[in-house]
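Q: Take a look at run.tsv, TSV, N, CA and C atoms:
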```tsv
chain	number	residue	atom	x	y	z
W	1	MET	N	-89.36	116.86	41.01
W	1	MET	CA	-87.96	116.68	41.32
W	1	MET	C	-87.57	117.66	42.42
W	2	ASN	N	-86.70	117.22	43.30
W	2	ASN	CA	-86.19	118.05	44.38
W	2	ASN	C	-84.99	118.85	43.83
W	3	ILE	N	-85.23	120.10	43.44
W	3	ILE	CA	-84.20	120.94	42.83
W	3	ILE	C	-83.06	121.21	43.81
W	4	GLU	N	-83.40	121.41	45.08
W	4	GLU	CA	-82.35	121.68	46.07
W	4	GLU	C	-81.40	120.49	46.20
W	5	ALA	N	-81.95	119.27	46.17
W	5	ALA	CA	-81.10	118.08	46.23
W	5	ALA	C	-80.24	117.97	44.97
W	6	LEU	N	-80.82	118.32	43.81
W	6	LEU	CA	-80.05	118.30	42.57
W	6	LEU	C	-78.89	119.30	42.64
W	7	LYS	N	-79.14	120.48	43.21
W	7	LYS	CA	-78.07	121.47	43.36
W	7	LYS	C	-76.92	120.91	44.21
W	8	VAL	N	-77.27	120.24	45.29
W	8	VAL	CA	-76.25	119.63	46.15
W	8	VAL	C	-75.46	118.58	45.37
W	9	ASP	N	-76.18	117.75	44.62
W	9	ASP	CA	-75.51	116.72	43.80
W	9	ASP	C	-74.56	117.34	42.79
W	10	LEU	N	-75.03	118.38	42.09
W	10	LEU	CA	-74.21	119.01	41.07
W	10	LEU	C	-72.99	119.71	41.66
W	11	LEU	N	-73.17	120.36	42.79
W	11	LEU	CA	-72.03	121.00	43.45
W	11	LEU	C	-71.00	119.95	43.85
W	12	ARG	N	-71.46	118.83	44.35
W	12	ARG	CA	-70.55	117.74	44.72
W	12	ARG	C	-69.82	117.20	43.50
W	13	ASP	N	-70.54	116.98	42.42
W	13	ASP	CA	-69.98	116.31	41.25
W	13	ASP	C	-69.23	117.25	40.30
W	14	GLU	N	-69.67	118.48	40.19
W	14	GLU	CA	-69.03	119.44	39.30
W	14	GLU	C	-67.93	120.24	40.02
W	15	GLY	N	-68.10	120.44	41.31
W	15	GLY	CA	-67.22	121.34	42.03
W	15	GLY	C	-67.61	122.78	41.72
W	16	CYS	N	-66.88	123.71	42.27
W	16	CYS	CA	-67.17	125.13	42.03
W	16	CYS	C	-65.85	125.86	41.81
W	17	GLU	N	-65.67	126.35	40.61
W	17	GLU	CA	-64.46	127.10	40.25
W	17	GLU	C	-64.87	128.54	39.96
W	18	LEU	N	-64.28	129.48	40.68
W	18	LEU	CA	-64.66	130.87	40.54
W	18	LEU	C	-63.88	131.61	39.45
W	19	LYS	N	-62.96	130.92	38.83
W	19	LYS	CA	-62.24	131.47	37.68
W	19	LYS	C	-62.35	130.46	36.54
W	20	PRO	N	-62.35	130.95	35.31
W	20	PRO	CA	-62.47	130.02	34.17
W	20	PRO	C	-61.34	129.00	34.15
W	21	TYR	N	-61.68	127.81	33.71
W	21	TYR	CA	-60.70	126.73	33.54
W	21	TYR	C	-61.11	125.91	32.33
W	22	VAL	N	-60.20	125.12	31.83
W	22	VAL	CA	-60.49	124.23	30.71
W	22	VAL	C	-60.82	122.86	31.29
W	23	ASP	N	-62.01	122.34	30.98
W	23	ASP	CA	-62.44	121.06	31.55
W	23	ASP	C	-61.78	119.88	30.84
W	24	THR	N	-62.20	118.69	31.20
W	24	THR	CA	-61.55	117.47	30.70
W	24	THR	C	-61.75	117.24	29.20
W	25	VAL	N	-62.72	117.93	28.59
W	25	VAL	CA	-62.92	117.79	27.14
W	25	VAL	C	-62.57	119.08	26.39
W	26	GLY	N	-61.85	119.99	27.06
W	26	GLY	CA	-61.35	121.18	26.39
W	26	GLY	C	-62.30	122.36	26.35
W	27	LYS	N	-63.38	122.33	27.14
W	27	LYS	CA	-64.34	123.43	27.16
W	27	LYS	C	-63.98	124.41	28.27
W	28	ILE	N	-64.07	125.70	27.95
W	28	ILE	CA	-63.87	126.71	28.98
W	28	ILE	C	-65.10	126.68	29.88
W	29	THR	N	-64.85	126.54	31.18
W	29	THR	CA	-65.92	126.32	32.15
W	29	THR	C	-65.70	127.24	33.34
W	30	ILE	N	-66.78	127.57	34.04
W	30	ILE	CA	-66.70	128.38	35.25
W	30	ILE	C	-67.84	128.00	36.18
W	31	GLY	N	-67.68	128.37	37.44
W	31	GLY	CA	-68.76	128.15	38.40
W	31	GLY	C	-68.97	126.67	38.65
W	32	ILE	N	-70.22	126.28	38.68
W	32	ILE	CA	-70.59	124.89	38.92
W	32	ILE	C	-70.94	124.28	37.56
W	33	GLY	N	-69.90	124.01	36.77
W	33	GLY	CA	-70.08	123.34	35.49
W	33	GLY	C	-70.64	124.17	34.36
W	34	ARG	N	-70.58	125.51	34.42
W	34	ARG	CA	-71.10	126.32	33.32
W	34	ARG	C	-70.13	126.26	32.15
W	35	ASN	N	-70.60	125.70	31.04
W	35	ASN	CA	-69.81	125.55	29.82
W	35	ASN	C	-69.87	126.87	29.06
W	36	LEU	N	-68.81	127.67	29.21
W	36	LEU	CA	-68.78	128.96	28.52
W	36	LEU	C	-68.53	128.79	27.03
W	37	THR	N	-67.80	127.78	26.64
W	37	THR	CA	-67.49	127.57	25.23
W	37	THR	C	-68.76	127.39	24.41
W	38	ASP	N	-69.66	126.53	24.87
W	38	ASP	CA	-70.87	126.23	24.10
W	38	ASP	C	-72.07	127.07	24.51
W	39	ARG	N	-72.20	127.37	25.79
W	39	ARG	CA	-73.40	128.04	26.29
W	39	ARG	C	-73.20	129.52	26.51
W	40	GLY	N	-72.02	129.94	26.94
W	40	GLY	CA	-71.80	131.34	27.24
W	40	GLY	C	-72.62	131.78	28.44
W	41	ILE	N	-72.99	133.06	28.45
W	41	ILE	CA	-73.87	133.60	29.50
W	41	ILE	C	-74.99	134.37	28.82
W	42	THR	N	-76.06	134.60	29.55
W	42	THR	CA	-77.18	135.36	29.01
W	42	THR	C	-76.93	136.85	29.22
W	43	LEU	N	-77.69	137.69	28.53
W	43	LEU	CA	-77.60	139.13	28.71
W	43	LEU	C	-77.91	139.49	30.17
W	44	GLU	N	-78.90	138.85	30.75
W	44	GLU	CA	-79.23	139.13	32.16
W	44	GLU	C	-78.08	138.77	33.08
W	45	GLU	N	-77.40	137.66	32.81
W	45	GLU	CA	-76.23	137.28	33.62
W	45	GLU	C	-75.11	138.30	33.44
W	46	ALA	N	-74.91	138.77	32.22
W	46	ALA	CA	-73.88	139.78	31.97
W	46	ALA	C	-74.20	141.08	32.71
W	47	LYS	N	-75.47	141.47	32.71
W	47	LYS	CA	-75.87	142.68	33.44
W	47	LYS	C	-75.68	142.51	34.94
W	48	HIS	N	-75.97	141.32	35.45
W	48	HIS	CA	-75.76	141.04	36.87
W	48	HIS	C	-74.28	141.13	37.23
W	49	LEU	N	-73.42	140.57	36.39
W	49	LEU	CA	-71.98	140.68	36.61
W	49	LEU	C	-71.54	142.14	36.58
W	50	LEU	N	-72.08	142.92	35.65
W	50	LEU	CA	-71.73	144.33	35.55
W	50	LEU	C	-72.11	145.07	36.83
W	51	GLU	N	-73.31	144.83	37.33
W	51	GLU	CA	-73.75	145.47	38.58
W	51	GLU	C	-72.78	145.15	39.72
W	52	ASN	N	-72.41	143.88	39.84
W	52	ASN	CA	-71.47	143.47	40.89
W	52	ASN	C	-70.11	144.13	40.70
W	53	ASP	N	-69.64	144.19	39.46
W	53	ASP	CA	-68.33	144.78	39.18
W	53	ASP	C	-68.32	146.28	39.45
W	54	ILE	N	-69.39	146.98	39.08
W	54	ILE	CA	-69.49	148.41	39.36
W	54	ILE	C	-69.48	148.65	40.87
W	55	SER	N	-70.24	147.85	41.61
W	55	SER	CA	-70.26	147.99	43.07
W	55	SER	C	-68.87	147.80	43.66
W	56	ALA	N	-68.14	146.82	43.17
W	56	ALA	CA	-66.79	146.56	43.67
W	56	ALA	C	-65.86	147.73	43.37
W	57	VAL	N	-65.95	148.31	42.17
W	57	VAL	CA	-65.11	149.45	41.80
W	57	VAL	C	-65.42	150.64	42.71
W	58	ILE	N	-66.69	150.90	42.95
W	58	ILE	CA	-67.06	152.03	43.80
W	58	ILE	C	-66.54	151.84	45.22
W	59	ILE	N	-66.67	150.64	45.75
W	59	ILE	CA	-66.15	150.36	47.09
W	59	ILE	C	-64.64	150.58	47.13
W	60	GLU	N	-63.93	150.11	46.11
W	60	GLU	CA	-62.48	150.27	46.07
W	60	GLU	C	-62.09	151.74	45.93
W	61	LEU	N	-62.80	152.49	45.09
W	61	LEU	CA	-62.53	153.92	44.97
W	61	LEU	C	-62.78	154.63	46.30
W	62	ASP	N	-63.87	154.29	46.97
W	62	ASP	CA	-64.16	154.89	48.28
W	62	ASP	C	-63.04	154.62	49.27
W	63	HIS	N	-62.49	153.43	49.22
W	63	HIS	CA	-61.43	153.03	50.15
W	63	HIS	C	-60.10	153.71	49.81
W	64	LYS	N	-59.71	153.69	48.55
W	64	LYS	CA	-58.39	154.19	48.14
W	64	LYS	C	-58.36	155.70	47.88
W	65	LEU	N	-59.46	156.23	47.37
W	65	LEU	CA	-59.51	157.65	46.98
W	65	LEU	C	-60.80	158.29	47.53
W	66	PRO	N	-60.92	158.45	48.83
W	66	PRO	CA	-62.19	158.93	49.39
W	66	PRO	C	-62.65	160.28	48.85
W	67	TRP	N	-61.74	161.09	48.33
W	67	TRP	CA	-62.08	162.39	47.78
W	67	TRP	C	-62.81	162.30	46.44
W	68	TRP	N	-62.80	161.14	45.81
W	68	TRP	CA	-63.37	161.02	44.47
W	68	TRP	C	-64.86	161.35	44.42
W	69	ARG	N	-65.56	161.13	45.54
W	69	ARG	CA	-67.01	161.40	45.59
W	69	ARG	C	-67.32	162.90	45.47
W	70	ALA	N	-66.33	163.76	45.77
W	70	ALA	CA	-66.54	165.20	45.68
W	70	ALA	C	-66.33	165.73	44.25
W	71	LEU	N	-65.85	164.90	43.35
W	71	LEU	CA	-65.68	165.32	41.96
W	71	LEU	C	-67.03	165.62	41.34
W	72	PRO	N	-67.07	166.53	40.36
W	72	PRO	CA	-68.31	166.68	39.59
W	72	PRO	C	-68.72	165.31	39.03
W	73	GLU	N	-70.01	165.08	38.93
W	73	GLU	CA	-70.54	163.75	38.60
W	73	GLU	C	-69.87	163.13	37.38
W	74	HIS	N	-69.76	163.88	36.29
W	74	HIS	CA	-69.21	163.30	35.05
W	74	HIS	C	-67.72	162.97	35.19
W	75	LYS	N	-67.00	163.72	36.00
W	75	LYS	CA	-65.57	163.43	36.21
W	75	LYS	C	-65.42	162.18	37.08
W	76	GLY	N	-66.26	162.06	38.10
W	76	GLY	CA	-66.24	160.85	38.93
W	76	GLY	C	-66.62	159.62	38.14
W	77	ARG	N	-67.60	159.78	37.26
W	77	ARG	CA	-68.02	158.65	36.41
W	77	ARG	C	-66.88	158.25	35.46
W	78	ALA	N	-66.16	159.23	34.92
W	78	ALA	CA	-65.03	158.94	34.04
W	78	ALA	C	-63.93	158.21	34.81
W	79	LEU	N	-63.66	158.65	36.04
W	79	LEU	CA	-62.65	157.97	36.87
W	79	LEU	C	-63.09	156.54	37.17
W	80	ALA	N	-64.37	156.34	37.48
W	80	ALA	CA	-64.88	154.99	37.74
W	80	ALA	C	-64.76	154.13	36.49
W	81	ASN	N	-65.01	154.70	35.32
W	81	ASN	CA	-64.86	153.98	34.05
W	81	ASN	C	-63.41	153.51	33.89
W	82	MET	N	-62.49	154.40	34.17
W	82	MET	CA	-61.07	154.08	34.06
W	82	MET	C	-60.70	152.99	35.06
W	83	ALA	N	-61.19	153.11	36.30
W	83	ALA	CA	-60.91	152.11	37.34
W	83	ALA	C	-61.49	150.75	36.95
W	84	PHE	N	-62.68	150.76	36.39
W	84	PHE	CA	-63.32	149.52	35.93
W	84	PHE	C	-62.45	148.84	34.89
W	85	ASN	N	-61.93	149.63	33.97
W	85	ASN	CA	-61.15	149.10	32.86
W	85	ASN	C	-59.81	148.51	33.31
W	86	MET	N	-59.10	149.22	34.17
W	86	MET	CA	-57.73	148.80	34.49
W	86	MET	C	-57.56	148.22	35.88
W	87	GLY	N	-58.54	148.40	36.73
W	87	GLY	CA	-58.42	147.95	38.11
W	87	GLY	C	-57.77	149.02	38.98
W	88	ILE	N	-58.10	149.01	40.24
W	88	ILE	CA	-57.61	150.02	41.18
W	88	ILE	C	-56.09	149.98	41.33
W	89	PRO	N	-55.47	148.80	41.45
W	89	PRO	CA	-54.00	148.83	41.62
W	89	PRO	C	-53.29	149.56	40.49
W	90	ARG	N	-53.70	149.34	39.27
W	90	ARG	CA	-53.06	150.01	38.14
W	90	ARG	C	-53.44	151.49	38.11
W	91	LEU	N	-54.69	151.81	38.45
W	91	LEU	CA	-55.12	153.21	38.50
W	91	LEU	C	-54.27	153.99	39.48
W	92	MET	N	-53.91	153.37	40.59
W	92	MET	CA	-53.12	154.06	41.61
W	92	MET	C	-51.74	154.47	41.11
W	93	ASP	N	-51.28	153.86	40.02
W	93	ASP	CA	-50.00	154.25	39.41
W	93	ASP	C	-50.10	155.59	38.69
W	94	PHE	N	-51.30	156.08	38.44
W	94	PHE	CA	-51.52	157.36	37.77
W	94	PHE	C	-51.50	158.48	38.81
W	95	ARG	N	-50.40	158.57	39.55
W	95	ARG	CA	-50.31	159.50	40.69
W	95	ARG	C	-50.51	160.96	40.28
W	96	LYS	N	-49.87	161.39	39.21
W	96	LYS	CA	-50.01	162.79	38.79
W	96	LYS	C	-51.44	163.10	38.34
W	97	MET	N	-52.05	162.16	37.62
W	97	MET	CA	-53.42	162.37	37.18
W	97	MET	C	-54.37	162.44	38.38
W	98	LEU	N	-54.17	161.54	39.33
W	98	LEU	CA	-55.04	161.52	40.51
W	98	LEU	C	-54.85	162.79	41.34
W	99	ALA	N	-53.61	163.23	41.50
W	99	ALA	CA	-53.36	164.48	42.24
W	99	ALA	C	-54.03	165.66	41.54
W	100	ALA	N	-53.96	165.68	40.21
W	100	ALA	CA	-54.60	166.76	39.45
W	100	ALA	C	-56.12	166.72	39.61
W	101	LEU	N	-56.70	165.54	39.58
W	101	LEU	CA	-58.15	165.44	39.78
W	101	LEU	C	-58.53	165.92	41.17
W	102	GLU	N	-57.78	165.49	42.17
W	102	GLU	CA	-58.10	165.87	43.55
W	102	GLU	C	-58.02	167.38	43.74
W	103	SER	N	-57.08	168.04	43.05
W	103	SER	CA	-56.91	169.48	43.22
W	103	SER	C	-57.67	170.31	42.18
W	104	GLY	N	-58.44	169.65	41.32
W	104	GLY	CA	-59.26	170.38	40.35
W	104	GLY	C	-58.50	170.89	39.15
W	105	GLU	N	-57.35	170.33	38.87
W	105	GLU	CA	-56.56	170.72	37.69
W	105	GLU	C	-56.96	169.81	36.53
W	106	TRP	N	-58.10	170.13	35.93
W	106	TRP	CA	-58.74	169.25	34.96
W	106	TRP	C	-57.90	169.00	33.72
W	107	GLU	N	-57.29	170.05	33.17
W	107	GLU	CA	-56.49	169.88	31.96
W	107	GLU	C	-55.28	168.98	32.23
W	108	THR	N	-54.63	169.19	33.36
W	108	THR	CA	-53.49	168.35	33.72
W	108	THR	C	-53.92	166.89	33.88
W	109	ALA	N	-55.07	166.69	34.52
W	109	ALA	CA	-55.58	165.32	34.70
W	109	ALA	C	-55.80	164.65	33.34
W	110	ALA	N	-56.39	165.40	32.41
W	110	ALA	CA	-56.64	164.85	31.07
W	110	ALA	C	-55.33	164.53	30.36
W	111	GLU	N	-54.38	165.45	30.44
W	111	GLU	CA	-53.08	165.22	29.78
W	111	GLU	C	-52.36	164.02	30.36
W	112	GLU	N	-52.40	163.87	31.68
W	112	GLU	CA	-51.74	162.73	32.33
W	112	GLU	C	-52.41	161.41	31.94
W	113	ALA	N	-53.72	161.42	31.82
W	113	ALA	CA	-54.43	160.19	31.39
W	113	ALA	C	-54.00	159.81	29.98
W	114	LEU	N	-53.89	160.81	29.12
W	114	LEU	CA	-53.56	160.53	27.72
W	114	LEU	C	-52.08	160.21	27.51
W	115	ASP	N	-51.23	160.64	28.41
W	115	ASP	CA	-49.79	160.39	28.30
W	115	ASP	C	-49.45	159.07	28.98
W	116	SER	N	-50.00	157.99	28.45
W	116	SER	CA	-49.83	156.69	29.10
W	116	SER	C	-49.96	155.55	28.09
W	117	LYS	N	-49.40	154.43	28.46
W	117	LYS	CA	-49.55	153.21	27.66
W	117	LYS	C	-51.02	152.81	27.60
W	118	TRP	N	-51.73	153.01	28.71
W	118	TRP	CA	-53.16	152.70	28.77
W	118	TRP	C	-53.92	153.42	27.66
W	119	ALA	N	-53.64	154.72	27.47
W	119	ALA	CA	-54.36	155.50	26.47
W	119	ALA	C	-54.13	154.94	25.07
W	120	VAL	N	-52.91	154.48	24.79
W	120	VAL	CA	-52.62	153.87	23.50
W	120	VAL	C	-53.41	152.57	23.35
W	121	GLN	N	-53.49	151.81	24.44
W	121	GLN	CA	-54.18	150.51	24.40
W	121	GLN	C	-55.67	150.66	24.17
W	122	VAL	N	-56.30	151.66	24.79
W	122	VAL	CA	-57.76	151.75	24.73
W	122	VAL	C	-58.27	152.79	23.75
W	123	GLY	N	-57.38	153.60	23.18
W	123	GLY	CA	-57.74	154.52	22.11
W	123	GLY	C	-58.86	155.49	22.45
W	124	ALA	N	-59.97	155.36	21.73
W	124	ALA	CA	-61.09	156.30	21.85
W	124	ALA	C	-61.65	156.37	23.27
W	125	ARG	N	-61.57	155.29	24.00
W	125	ARG	CA	-62.05	155.31	25.39
W	125	ARG	C	-61.25	156.33	26.20
W	126	ALA	N	-59.94	156.33	26.04
W	126	ALA	CA	-59.10	157.29	26.75
W	126	ALA	C	-59.44	158.71	26.32
W	127	ASP	N	-59.69	158.92	25.05
W	127	ASP	CA	-60.06	160.25	24.57
W	127	ASP	C	-61.36	160.73	25.22
W	128	ARG	N	-62.34	159.84	25.32
W	128	ARG	CA	-63.62	160.20	25.93
W	128	ARG	C	-63.43	160.53	27.42
W	129	ILE	N	-62.65	159.70	28.11
W	129	ILE	CA	-62.42	159.93	29.54
W	129	ILE	C	-61.69	161.25	29.76
W	130	ALA	N	-60.66	161.51	28.95
W	130	ALA	CA	-59.92	162.77	29.06
W	130	ALA	C	-60.85	163.96	28.81
W	131	GLN	N	-61.74	163.82	27.85
W	131	GLN	CA	-62.69	164.89	27.56
W	131	GLN	C	-63.60	165.14	28.77
W	132	GLU	N	-64.00	164.09	29.45
W	132	GLU	CA	-64.81	164.26	30.67
W	132	GLU	C	-64.01	164.96	31.76
W	133	PHE	N	-62.73	164.63	31.87
W	133	PHE	CA	-61.89	165.31	32.86
W	133	PHE	C	-61.78	166.80	32.55
W	134	ARG	N	-61.72	167.15	31.26
W	134	ARG	CA	-61.60	168.55	30.85
W	134	ARG	C	-62.91	169.31	30.98
W	135	GLY	N	-64.01	168.62	30.73
W	135	GLY	CA	-65.31	169.27	30.62
W	135	GLY	C	-65.78	169.94	31.90
W	136	ALA	N	-66.67	170.91	31.71
W	136	ALA	CA	-67.22	171.67	32.85
W	136	ALA	C	-68.26	170.87	33.61
```
What does the file become when written as structure tokens?
A:
Amino acid sequence: MNIEALKVDLLRDEGCELKPYVDTVGKITIGIGRNLTDRGITLEEAKHLLENDISAVIIELDHKLPWWRALPEHKGRALANMAFNMGIPRLMDFRKMLAALESGEWETAAEEALDSKWAVQVGARADRIAQEFRGA
């Protein structure tokens, strides 16, 4: 069988949706006919998505907060974790926390992270991130 021709046929007949949608029989679908309701994704596909998402977060952090690369490794990783979770636009609303990180005021950065609706929403994750901001 000509797999390349089949791909062309499927793209034509299924279309390509880059965000999940509900298909004609009520199944959550994405991409070129991927039935997420019944099939889901594989662990390898999830890891591939994670790699892409981490790369996107790092690029956005580099663009919006170029100083973040000078943070100690664990503090930068904690900031990237936070950015991954909430997205860069929402992270940018944490002005006091970001200013504290940039100036090395670790305790203030931790307190500002914890004094937020986000911290209530994510619970232990916020505690871990704040601890990384405080840590040496």
Q: Taking (-61.8, 164.7, 46.2) in the file's coordinates as the center, which residues reach within 8 Å of it, counting only N, CA and C atoms, put as number ranges by chain?
A: W: 65-71, 101-104
Q: Would you mind writing down, as a PDB file with N, CA and C atoms, keeping the file's coordinate frame, each residue of segment 7-114 of chain W that DSSP on the backbone assigns to strand (DSSP E or B)?
A:
```
ATOM      1  N   GLU W  17     -65.670 126.350  40.610  1.00  0.00           N
ATOM      2  CA  GLU W  17     -64.460 127.100  40.250  1.00  0.00           C
ATOM      3  C   GLU W  17     -64.870 128.540  39.960  1.00  0.00           C
ATOM      4  N   LEU W  18     -64.280 129.480  40.680  1.00  0.00           N
ATOM      5  CA  LEU W  18     -64.660 130.870  40.540  1.00  0.00           C
ATOM      6  C   LEU W  18     -63.880 131.610  39.450  1.00  0.00           C
ATOM      7  N   LYS W  19     -62.960 130.920  38.830  1.00  0.00           N
ATOM      8  CA  LYS W  19     -62.240 131.470  37.680  1.00  0.00           C
ATOM      9  C   LYS W  19     -62.350 130.460  36.540  1.00  0.00           C
ATOM     10  N   PRO W  20     -62.350 130.950  35.310  1.00  0.00           N
ATOM     11  CA  PRO W  20     -62.470 130.020  34.170  1.00  0.00           C
ATOM     12  C   PRO W  20     -61.340 129.000  34.150  1.00  0.00           C
ATOM     13  N   TYR W  21     -61.680 127.810  33.710  1.00  0.00           N
ATOM     14  CA  TYR W  21     -60.700 126.730  33.540  1.00  0.00           C
ATOM     15  C   TYR W  21     -61.110 125.910  32.330  1.00  0.00           C
ATOM     16  N   VAL W  22     -60.200 125.120  31.830  1.00  0.00           N
ATOM     17  CA  VAL W  22     -60.490 124.230  30.710  1.00  0.00           C
ATOM     18  C   VAL W  22     -60.820 122.860  31.290  1.00  0.00           C
ATOM     19  N   ILE W  28     -64.070 125.700  27.950  1.00  0.00           N
ATOM     20  CA  ILE W  28     -63.870 126.710  28.980  1.00  0.00           C
ATOM     21  C   ILE W  28     -65.100 126.680  29.880  1.00  0.00           C
ATOM     22  N   THR W  29     -64.850 126.540  31.180  1.00  0.00           N
ATOM     23  CA  THR W  29     -65.920 126.320  32.150  1.00  0.00           C
ATOM     24  C   THR W  29     -65.700 127.240  33.340  1.00  0.00           C
ATOM     25  N   ILE W  30     -66.780 127.570  34.040  1.00  0.00           N
ATOM     26  CA  ILE W  30     -66.700 128.380  35.250  1.00  0.00           C
ATOM     27  C   ILE W  30     -67.840 128.000  36.180  1.00  0.00           C
ATOM     28  N   GLY W  31     -67.680 128.370  37.440  1.00  0.00           N
ATOM     29  CA  GLY W  31     -68.760 128.150  38.400  1.00  0.00           C
ATOM     30  C   GLY W  31     -68.970 126.670  38.650  1.00  0.00           C
ATOM     31  N   ARG W  34     -70.580 125.510  34.420  1.00  0.00           N
ATOM     32  CA  ARG W  34     -71.100 126.320  33.320  1.00  0.00           C
ATOM     33  C   ARG W  34     -70.130 126.260  32.150  1.00  0.00           C
ATOM     34  N   ASN W  35     -70.600 125.700  31.040  1.00  0.00           N
ATOM     35  CA  ASN W  35     -69.810 125.550  29.820  1.00  0.00           C
ATOM     36  C   ASN W  35     -69.870 126.870  29.060  1.00  0.00           C
TER      37      ASN W  35
END
```
Q: If you measure from atom C of His48 of chain W to atom CA of Glu4 of chain W, what distance in Å do you get, rounded to one decimal?
A: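 We find that atom C of His48 of chain W and atom CA of Glu4 of chain W lie 22.8 Å from each other.
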Q: In Å, with one decimal, what is the gap from atom CA of Leu98 of chain W to atom CA of Phe84 of chain W?
A: 15.3 Å
Q: Separation of atom C of Arg12 of chain W and atom CA of Leu43 of chain W, in Å?
A: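 Calculated distance between atom C of Arg12 of chain W and atom CA of Leu43 of chain W is 27.6 Å.
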Q: Considering only alpha helix (DSSP H) as DSSP defines it on the backbone, what residues of segment 42-81 of chain W qualify? List them as an MDAnalysis selection string.
A: chainID W and resid 43:64 73:81
Q: Which is closest to Arg77 of chain W among W:Val122, W:Ile3, W:Leu114, W:Ala130, if we use only C-alpha atoms?
A: W:Ala130
Q: Pick out the closest residue to Glu14 of chain W from this set: W:Met1, W:Ala78, W:Ile32, W:Ile129. Count only N, CA and C atoms.
A: W:Ile32
Q: Using only C-alpha atoms, which of the listed residues (W:Arg90, W:Lys47, W:Lys19, W:Lys96) sits closest to Lys117 of chain W?
A: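 The shortest atom-to-atom distance to Lys117 of chain W comes from W:Arg90.
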Q: Given only C-alpha atoms as the basis, pick out the residue of W:Glu44, W:Glu17, W:Glu107, W:Glu73 nearest to Gly31 of chain W.
A: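 Ranked by minimum distance to Gly31 of chain W, first place goes to W:Glu17.
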Q: Mind listing as a PyMOL selection string all residues within 9 Å of (-58.7, 151.1, 32.4), counting only C-alpha atoms?
A: chain W and resi 81-88+90-91+118-119+122+125-126
Q: Measuring atom to atom with only N, CA and C atoms, identify which of W:Phe133, W:Ala80, W:Arg34, W:Cys16 is nearest to Glu105 of chain W.
A: W:Phe133
Q: Between W:Ala99, W:Pro89, W:Val120, W:His74, which one has atoms that come closest to Gly135 of chain W, using only N, CA and C atoms?
A: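 Residue with the minimum atom-to-atom distance to Gly135 of chain W: W:His74.
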Q: Should you be able to, write segment 61-73 of chain W of this structure into a file that contains N, CA and C atoms, as a PDB file, in the first residue's frame.
A:
```
ATOM      1  N   LEU W  61      10.022  32.522  27.775  1.00  0.00           N
ATOM      2  CA  LEU W  61      10.758  33.115  28.899  1.00  0.00           C
ATOM      3  C   LEU W  61      11.951  33.923  28.394  1.00  0.00           C
ATOM      4  N   ASP W  62      12.682  33.381  27.430  1.00  0.00           N
ATOM      5  CA  ASP W  62      13.819  34.109  26.854  1.00  0.00           C
ATOM      6  C   ASP W  62      13.375  35.438  26.255  1.00  0.00           C
ATOM      7  N   HIS W  63      12.230  35.437  25.624  1.00  0.00           N
ATOM      8  CA  HIS W  63      11.719  36.649  24.968  1.00  0.00           C
ATOM      9  C   HIS W  63      11.206  37.672  25.986  1.00  0.00           C
ATOM     10  N   LYS W  64      10.415  37.226  26.949  1.00  0.00           N
ATOM     11  CA  LYS W  64       9.766  38.144  27.899  1.00  0.00           C
ATOM     12  C   LYS W  64      10.638  38.495  29.103  1.00  0.00           C
ATOM     13  N   LEU W  65      11.449  37.548  29.544  1.00  0.00           N
ATOM     14  CA  LEU W  65      12.251  37.736  30.758  1.00  0.00           C
ATOM     15  C   LEU W  65      13.697  37.289  30.500  1.00  0.00           C
ATOM     16  N   PRO W  66      14.439  38.000  29.673  1.00  0.00           N
ATOM     17  CA  PRO W  66      15.774  37.524  29.292  1.00  0.00           C
ATOM     18  C   PRO W  66      16.722  37.298  30.472  1.00  0.00           C
ATOM     19  N   TRP W  67      16.479  37.935  31.597  1.00  0.00           N
ATOM     20  CA  TRP W  67      17.313  37.777  32.785  1.00  0.00           C
ATOM     21  C   TRP W  67      17.125  36.424  33.466  1.00  0.00           C
ATOM     22  N   TRP W  68      16.078  35.701  33.122  1.00  0.00           N
ATOM     23  CA  TRP W  68      15.767  34.460  33.840  1.00  0.00           C
ATOM     24  C   TRP W  68      16.882  33.423  33.727  1.00  0.00           C
ATOM     25  N   ARG W  69      17.644  33.468  32.631  1.00  0.00           N
ATOM     26  CA  ARG W  69      18.731  32.491  32.425  1.00  0.00           C
ATOM     27  C   ARG W  69      19.864  32.670  33.442  1.00  0.00           C
ATOM     28  N   ALA W  70      19.960  33.861  34.053  1.00  0.00           N
ATOM     29  CA  ALA W  70      21.005  34.109  35.046  1.00  0.00           C
ATOM     30  C   ALA W  70      20.619  33.610  36.442  1.00  0.00           C
ATOM     31  N   LEU W  71      19.384  33.188  36.624  1.00  0.00           N
ATOM     32  CA  LEU W  71      18.962  32.655  37.918  1.00  0.00           C
ATOM     33  C   LEU W  71      19.721  31.368  38.221  1.00  0.00           C
ATOM     34  N   PRO W  72      19.929  31.073  39.506  1.00  0.00           N
ATOM     35  CA  PRO W  72      20.453  29.739  39.832  1.00  0.00           C
ATOM     36  C   PRO W  72      19.554  28.673  39.199  1.00  0.00           C
ATOM     37  N   GLU W  73      20.146  27.568  38.798  1.00  0.00           N
ATOM     38  CA  GLU W  73      19.442  26.557  38.000  1.00  0.00           C
ATOM     39  C   GLU W  73      18.097  26.156  38.592  1.00  0.00           C
TER      40      GLU W  73
END
```
